[in-house]
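J.: Before we start, here is the structure in question, set down as structure tokens.
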Amino acid sequence: MPRQARVISESGIYHIMLRGANKQEIFHDDEDRYRFLHTLVRYKKEIELSVFGWCLMGNHVHMLLKEGKESISDTMRRIGVSYVLFYNDKYLTSGHLFEGRFRSEPVNSEAYLKTVVRYIHQNPVKAGLVNRVEEWKWSSCRGYYRLERMPAGLLDPEFVLSFFDEDIHTAVACFKEFNEMSNADKCIDIDDNRRVRISDEKARELIIAILGDVTIGQVKSLPKPARDEILRRAKEIDGISQRQLARILGISPNIIFKA
């Protein structure tokens with residue numbers, strides 16, 4: 001089957017995801033993470049790339065980039081090749097590290113730009129790695145919060161912050177509130193296409209079947225042990241997503257992830 005053509009962004013801004021081949025880890029320690037970010041810095045300067053966000057997870061990376069003097073495909077090829085050469089040399093291995101070509105989606109509106117930034121920053125929280133977005137060292141969140149920018153020269157926060165307020169201090173405060181808001185955002189993710197998803201209607205029907213005498217509306221008010229047991233059983237329903245559970249049960253996605 002021929003590859004589907006990449007959708008071109010009218011704004012030049014893309015949400016990009018790189019993940020390890022066969023879901024393997026691509027970062028094993030902090031040196032690996034620093035190397036990837038410094039590689040991004042190097043090509044940002046060389047190609048005049050704009051970097052609006054990132055989050056490094058164990059076996060995948062999310063980035064929000066605006067292409068510079070070349071296509072985003074050429075830029076990602078450079079970044080990928082550079083990091084793979086480092087990785088293979090360090091770990092005395094060879095072959096593919098990343099899964100095929102990178103995944104991307106265009107970001108052509110202010111609303112979706114904000115959504116993607118929030119989605120990227122909330123990845124570690126939704127994965128249960130930290131409790132608060134700013135606790136994850138390996139995302140751009142702390143740079144937006146004016147806590148630190150790591151590494152220096154990588155993040156370009158002003159463009160995104162300009163959509164929140166003209167005054168920088170007010171903009172940061174408004175961004176922080178938006179960035180931590182509970183949501184059911186959907187963007188490209190590592191679990192996309194992992195299995196066939198079921199409709200909300202079918203998911204609701206299957207949830208009711210495991211609840212017994214408990215109604216959907218009562219689940220969120222149950223004592224934690226009873227609620228978590230129901231959530232664990234619901235997460236095992238074939239084809240259901242945890243974001244669906246959050247919508248249907250009215251429960252925070254973070255609680256569902258941690259159950």
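Going through the structure tokens in order, the chains are called A, B, and so on, while each chain numbers its residues from 1 and the ligands are numbered from 1 in the order shown.
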A:Ile256: which residues within 7 Å, counting only C-alpha atoms, same-chain residues fewer than 4 positions away excluded, as JSON, numbers by chain?

T.: {"A": [231, 242, 252]}

J.: With C-alpha atoms retained, export the selected residues as a PDB file, in the first residue's frame.

T.:
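The file below, part.pdb, is the result:
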```pdb
ATOM      1  CA  LEU A 231     -12.058   1.816  36.581  1.00  0.00           C
ATOM      2  CA  GLN A 242      -9.266   6.190  28.752  1.00  0.00           C
ATOM      3  CA  SER A 252     -10.653  13.283  35.691  1.00  0.00           C
TER       4      SER A 252
END
```

J.: Mind listing the alpha helix (DSSP H) residues of stretch 126-195 of chain A, per DSSP on the backbone, as a PDB file with C-alpha atoms, in the first residue's frame?

T.:
```pdb
ATOM      1  CA  LYS A 126      -1.812  11.531  32.018  1.00  0.00           C
ATOM      2  CA  CYS A 141       6.281  23.561  30.331  1.00  0.00           C
ATOM      3  CA  ARG A 142       8.782  24.983  32.818  1.00  0.00           C
ATOM      4  CA  GLY A 143      10.005  27.397  30.176  1.00  0.00           C
ATOM      5  CA  TYR A 144       6.488  28.749  29.681  1.00  0.00           C
ATOM      6  CA  GLU A 158       6.425  34.473  22.944  1.00  0.00           C
ATOM      7  CA  PHE A 159       4.321  33.455  19.933  1.00  0.00           C
ATOM      8  CA  VAL A 160       2.030  31.185  21.941  1.00  0.00           C
ATOM      9  CA  LEU A 161       1.867  33.541  24.930  1.00  0.00           C
ATOM     10  CA  ILE A 168       3.727  39.084  29.476  1.00  0.00           C
ATOM     11  CA  HIS A 169       2.991  38.545  33.186  1.00  0.00           C
ATOM     12  CA  THR A 170      -0.756  38.293  32.556  1.00  0.00           C
ATOM     13  CA  ALA A 171      -0.127  36.066  29.553  1.00  0.00           C
ATOM     14  CA  VAL A 172       1.939  33.608  31.618  1.00  0.00           C
ATOM     15  CA  ALA A 173      -0.750  33.479  34.318  1.00  0.00           C
ATOM     16  CA  CYS A 174      -3.518  32.888  31.759  1.00  0.00           C
ATOM     17  CA  PHE A 175      -1.412  30.290  29.948  1.00  0.00           C
ATOM     18  CA  LYS A 176      -0.762  28.444  33.208  1.00  0.00           C
ATOM     19  CA  GLU A 177      -4.484  28.272  33.978  1.00  0.00           C
ATOM     20  CA  PHE A 178      -5.264  26.985  30.471  1.00  0.00           C
ATOM     21  CA  ASN A 179      -2.333  24.569  30.458  1.00  0.00           C
TER      22      ASN A 179
END
```

J.: Hey, could you make a per-residue contact list for stretch 94-165 of chain A against stretch 46-54 of chain A with 9 Å as the cut-off, showing the nearest pair of atoms and its distance in Å to one decimal, counting only C-alpha atoms, sorted by chain and number, as a tab-separated table?

T.:
```
residue	atom	partner	partner_atom	distance
A:Val116	CA	A:Gly53	CA	8.8
A:Val117	CA	A:Gly53	CA	6.2
A:Ile120	CA	A:Trp54	CA	6.6
A:His121	CA	A:Trp54	CA	7.6
A:Trp138	CA	A:Trp54	CA	8.0
A:Ser139	CA	A:Trp54	CA	5.3
A:Ser140	CA	A:Gly53	CA	5.3
A:Cys141	CA	A:Gly53	CA	7.8
A:Leu154	CA	A:Val51	CA	6.5
A:Leu155	CA	A:Val51	CA	5.4
A:Asp156	CA	A:Phe52	CA	5.4
A:Pro157	CA	A:Phe52	CA	6.0
A:Glu158	CA	A:Phe52	CA	8.7
A:Phe159	CA	A:Phe52	CA	7.8
A:Val160	CA	A:Phe52	CA	7.1
```

J.: Just to confirm, what's the straight-line distance from atom CA of A:Arg132 to atom CA of A:Arg232 in Å (one decimal)?

T.: 22.4 Å

J.: Mind checking which residues fall within 12 Å of A:Lys235, counting only C-alpha atoms, ignoring those fewer than 4 positions away in the same chain, and posting them as JSON, numbers by chain?

T.: {"A": [203, 206, 207, 210, 228, 229, 230, 231, 239, 240, 241, 242, 243, 244, 245, 246, 253, 256, 257, 258, 259]}

J.: So which residues of stretch 39-220 of chain A fall under strand (DSSP E) by DSSP, listed as a ChimeraX atom specification?

T.: /A:50-56,60-66,103-106

J.: For A:Arg101, please output as a VMD selection string all residues within 10 Å (counting only C-alpha atoms; exclusion window: fewer than 2 positions along the same chain).

T.: chain A and resid 17 to 19 73 76 to 77 80 98 to 99 103 to 104

J.: Residues of the last selection are to be written out with N, CA and C atoms, as a CSV table (one decimal), in the first residue's frame.

T.:
```csv
chain,number,residue,atom,x,y,z
A,17,MET,N,5.3,13.8,16.1
A,17,MET,CA,5.6,12.7,17.0
A,17,MET,C,6.6,11.7,16.4
A,18,LEU,N,7.7,11.5,17.2
A,18,LEU,CA,8.6,10.4,16.8
A,18,LEU,C,8.5,9.3,17.9
A,19,ARG,N,8.5,8.1,17.4
A,19,ARG,CA,8.5,7.0,18.4
A,19,ARG,C,9.4,5.9,18.0
A,73,SER,N,9.9,17.8,6.7
A,73,SER,CA,10.4,16.5,6.5
A,73,SER,C,11.9,16.4,6.4
A,76,MET,N,13.3,17.0,10.0
A,76,MET,CA,13.1,15.9,10.9
A,76,MET,C,14.1,14.7,10.5
A,77,ARG,N,14.4,14.7,9.2
A,77,ARG,CA,15.3,13.7,8.8
A,77,ARG,C,16.7,14.0,9.4
A,80,GLY,N,16.6,13.2,13.2
A,80,GLY,CA,16.6,11.8,13.4
A,80,GLY,C,17.9,11.1,13.1
A,98,PHE,N,14.0,4.6,15.2
A,98,PHE,CA,12.6,5.2,15.1
A,98,PHE,C,11.7,4.4,14.2
A,99,GLU,N,10.4,4.5,14.5
A,99,GLU,CA,9.4,3.8,13.7
A,99,GLU,C,9.2,4.5,12.4
A,103,ARG,N,5.4,11.0,12.5
A,103,ARG,CA,4.0,11.4,12.3
A,103,ARG,C,3.8,12.9,12.5
A,104,SER,N,2.8,13.5,11.8
A,104,SER,CA,2.6,14.9,12.0
A,104,SER,C,1.2,15.2,11.7
```

J.: Between A:Glu10, A:Glu135, A:Asp238, A:Glu110, which is the closest to A:Ser162 once you count only C-alpha atoms?

T.: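 Using only C-alpha atoms, A:Ser162 sits closest to A:Glu110.
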